[in-house]
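Here's the structure, in structure tokens; my notes come after.
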Amino acid sequence: MLAAPVSTHALPAIVDQVFILFKDWLVSFLPTSWRPAAGVVLGVIAIVCVFPALFALTTVFERKGLGRMQNRYGPNRVGPYGLFQPIADGVKSLTKEDVVPLNADVMVHFLAPLTLVVTVFMGFAVLPMGRNMALVSLDAGLLFFFSMSAATELSVFMAGWSSRNKYSLLGAMRAVAQMISYEVPLLLSSVAVVMISGSLSLPKIVEAQSGYTGVFPHWYIFTPWGLASFLVFAIAATAETNRSPFDLPEGESEIVAGYHTEYSGFKFALFFLAEYLAMFSISGIGVTLFLGGWSAPLSFLNVVPSWFWFFSKVMLSIFVFIWMRGTLPRLRQDQLMNFAWKFVLPFTLLNLGVTALWRFMGEGWARWVVCSVILVGVYVLMGRVGMFKKHFGPRSYRYAE
Amino acid sequence: MSPVFYILAAFTVAGGLAAVLLKNTVHCALALTVAFAGLALLFLNLDAQFVGFAQILIYIGAVAILVVFAILLTRGTETPREGVFSRSWLAGLVIAACVFSALGWAVLESARALPHETAVPSVTVHDIGAALLGRYVLPLEIVALLLTSATIGAVIVAMHEKGSAH
């Protein structure tokens, strides 16, 4: 546990550490030997309560936001502005009949949503959600996070295979292929951060970005290699969480609902929950790696508590996810794979080289120019060559003209 | 040996046994994953964080998926009519016993070979990285070369199939 005593008792410091102080106060009623375990249990309870609550809020905001983008109202009947819609949805999914197909593999069919939700929840254990607010501070925290997100793939496969439904199996195969393909750039773009900060521990990565030049922060996204890594990370994270435009695994116009076609009631709700929790956790890790974690965007804003900044950044990233869903059309399977292996992966490998160059060129403006020129040049060149190979002519419309 | 070790060991052995004894091939693959997870937890129980997490990332995240894909892409998951027991089970048993005794002997001898390790050594991820890219850089490069050639081989196999189909 990271429970450093708060030395200054100024009001901002107390508000900043309010959750830690509250936990310490609750734990202080117990005998000393129980305190570490009780602290961990309280942390787990907080995570298990806060993120599903955020999930409930996000579903209604997503539906309202998509409604706005598609020129309709969205949910507006339950409660003021439809805000109580998640409660209605929850009651509905709890009371719905749990249908299991006759031919399904009952045991695996039952276990798939459970293992999925458990592994997704595990990822939150290492996220630093504020100053001193990581549930466990592991030396290999980043590796733990990625190993947990890799373990979710098997649950998706279990769901698709056990349903004995061709759409489920197709969806699961698509999901697993996509997740494996985009896991490589996801990991390699994070490796760039590890190379610069020299640590796999997430609190240390946040600390490495916590300085300021004037009022501007030292976040990794404000460096050439950091921006490139962040863009690759954002693309790979979208694919990893099966969000639009990479939502082929549940492409409803082709394969009904993908791997959770044969799930209903509360088990379906668990899949839905796991998808959104994965979005939160991958946003949290992206914020930690590139956007300075819980540090404030301008130095004088540090009076605002650190947890506020973490959750603001995560929700901003969720908003971008929703915005992309409302804007971009779905990719084709071949486009998805070509993009991953022929563009994103080579570019990420090049970015690793650029990051090493940045590390060894030392301070000064020369490394900014050299790294930016290499990255932009290669980006443009790869794009041009890719476009040239496709033989794109003038755009033609089959039906509109 | 703590009770945690016995629980994890039982978990791992049960997973391994299920992987051998279950009828359905996909169930076997999933049981094998349980054994992998048990091994990872054993590593974590020994405070070997890096190895434990790498075990999960590579074996559960990649190898298990690969096994499952291989099963689905090759043949049905149902048990063959003639049963799952091979005719050469006796030879297999002998080979397995030999491998097991060799490994067991190596593990038991290691306590005598390293008699001075009294305290638990604290190895950070940083130390592992330094060792991999310092003292063990040559084996690492050889493994990298091997994996690259395997990848190129796989690509060539796939390309050939595509070319001859047309």
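Every chain in the structure tokens has a letter given in the order shown (A, B, ...), and although residue numbers restart at 1 in each chain, ligands are simply numbered from 1 in the order shown.
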
Residues of chain B within 7 Å of chain A, using only C-alpha atoms, as a PDB file with N, CA and C atoms, in the first residue's frame?
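Written out: result09.pdb:
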```pdb
ATOM      1  N   GLN B  49       7.833 -11.657  -9.467  1.00  0.00           N
ATOM      2  CA  GLN B  49       6.753 -10.935 -10.158  1.00  0.00           C
ATOM      3  C   GLN B  49       6.907 -10.986 -11.672  1.00  0.00           C
ATOM      4  N   PHE B  50       8.128 -10.698 -12.129  1.00  0.00           N
ATOM      5  CA  PHE B  50       8.311 -10.592 -13.577  1.00  0.00           C
ATOM      6  C   PHE B  50       7.979 -11.911 -14.265  1.00  0.00           C
ATOM      7  N   PHE B  53       4.118 -12.643 -14.131  1.00  0.00           N
ATOM      8  CA  PHE B  53       3.287 -11.871 -15.065  1.00  0.00           C
ATOM      9  C   PHE B  53       3.602 -12.240 -16.508  1.00  0.00           C
ATOM     10  N   ILE B  56       1.695 -15.293 -17.359  1.00  0.00           N
ATOM     11  CA  ILE B  56       0.291 -15.024 -17.698  1.00  0.00           C
ATOM     12  C   ILE B  56       0.211 -14.418 -19.101  1.00  0.00           C
ATOM     13  N   LEU B  57       1.049 -13.400 -19.342  1.00  0.00           N
ATOM     14  CA  LEU B  57       0.985 -12.681 -20.619  1.00  0.00           C
ATOM     15  C   LEU B  57       1.247 -13.623 -21.786  1.00  0.00           C
ATOM     16  N   ILE B  60      -1.048 -17.639 -21.040  1.00  0.00           N
ATOM     17  CA  ILE B  60      -2.508 -17.531 -21.097  1.00  0.00           C
ATOM     18  C   ILE B  60      -2.921 -16.618 -22.244  1.00  0.00           C
ATOM     19  N   GLY B  61      -2.167 -15.511 -22.436  1.00  0.00           N
ATOM     20  CA  GLY B  61      -2.566 -14.541 -23.446  1.00  0.00           C
ATOM     21  C   GLY B  61      -2.242 -14.969 -24.860  1.00  0.00           C
ATOM     22  N   ILE B  65      -4.290 -19.276 -26.508  1.00  0.00           N
ATOM     23  CA  ILE B  65      -5.089 -18.832 -27.656  1.00  0.00           C
ATOM     24  C   ILE B  65      -4.640 -19.582 -28.914  1.00  0.00           C
ATOM     25  N   VAL B 125      12.704  -5.844 -11.517  1.00  0.00           N
ATOM     26  CA  VAL B 125      12.581  -5.931 -12.971  1.00  0.00           C
ATOM     27  C   VAL B 125      13.798  -5.287 -13.630  1.00  0.00           C
TER      28      VAL B 125
END
```

Do you know which residues are at most 10 Å from Val304 (chain A) counting only C-alpha atoms, after dropping those on the same chain fewer than 6 positions away, and could you put them as a PyMOL selection string?
chain A and resi 12-13+15-16+295-296

Take the residues from that selection and write them out as a PDB file, in the first residue's frame, keeping C-alpha atoms.
```
ATOM      1  CA  PRO A  12      -5.745  21.246  -0.497  1.00  0.00           C
ATOM      2  CA  ALA A  13      -3.496  18.479   0.828  1.00  0.00           C
ATOM      3  CA  VAL A  15      -8.821  17.232   0.169  1.00  0.00           C
ATOM      4  CA  ASP A  16      -6.224  15.592  -2.072  1.00  0.00           C
ATOM      5  CA  SER A 295      -0.943  15.524 -12.230  1.00  0.00           C
ATOM      6  CA  ALA A 296      -2.631  18.808 -13.100  1.00  0.00           C
TER       7      ALA A 296
END
```

Could you write out, as a PyMOL selection string, all the residues of region 2-155 of chain B that DSSP marks as helix (DSSP H, G or I)?
chain B and resi 3-21+25-45+49-74+89-113+125-133+137-155

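Between CA of Lys92 (chain A) and CA of Val118 (chain A) the separation is 22.7 Å.
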
For Leu41 (chain B), find every residue with an atom within 9 Å (counting only C-alpha atoms), except residues of its own chain fewer than 3 positions away, and show them as a list in words.
Leu8, Phe36, Ala37, Gly38, Leu44, Asn45, Leu46, Gly52 and Phe53 of chain B

Can you list, as a list in words, every residue of region 208-311 of chain A that DSSP puts in strand (DSSP E or B)?
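Across region 208-311 of chain A, those assigned strand (DSSP E or B) are Tyr212, Thr213, Phe216 and Pro217 of chain A.
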
Have a look at CA of Ser189 (chain A) and CA of Trp341 (chain A) and let me know their distance in Å, one decimal.
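If I compute the distance from CA of Ser189 (chain A) to CA of Trp341 (chain A), I get 14.2 Å.
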
Pick the closest to Leu39 (chain B) from B:Thr25, B:Ser101, B:Gln55, B:Ser88: which is it, counting only C-alpha atoms?
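Closest to Leu39 (chain B) of all the choices is B:Gln55.
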
Please identify all polymer residues within 8 Å of region 210-224 of chain A, counting only C-alpha atoms, omitting same-chain residues fewer than 6 positions from it, and present them as a list in words.
Val193, Phe230, Leu289, Phe290, Leu291, Gly292, Ser295, Ala296, Pro297, Leu298, Ser299, Phe300, Trp368, Cys371, Ser372 and Leu375 of chain A

List as JSON, numbers by chain the protein and nucleic acid residues near Gln70 (chain A), meaning an atom at most 8 Å away when only C-alpha atoms are counted, but skip any in the same chain fewer than 3 places from it.
{"A": [66, 67, 326]}

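Here CA of Thr288 (chain A) is placed at a distance of 6.1 Å from CA of Val206 (chain A).
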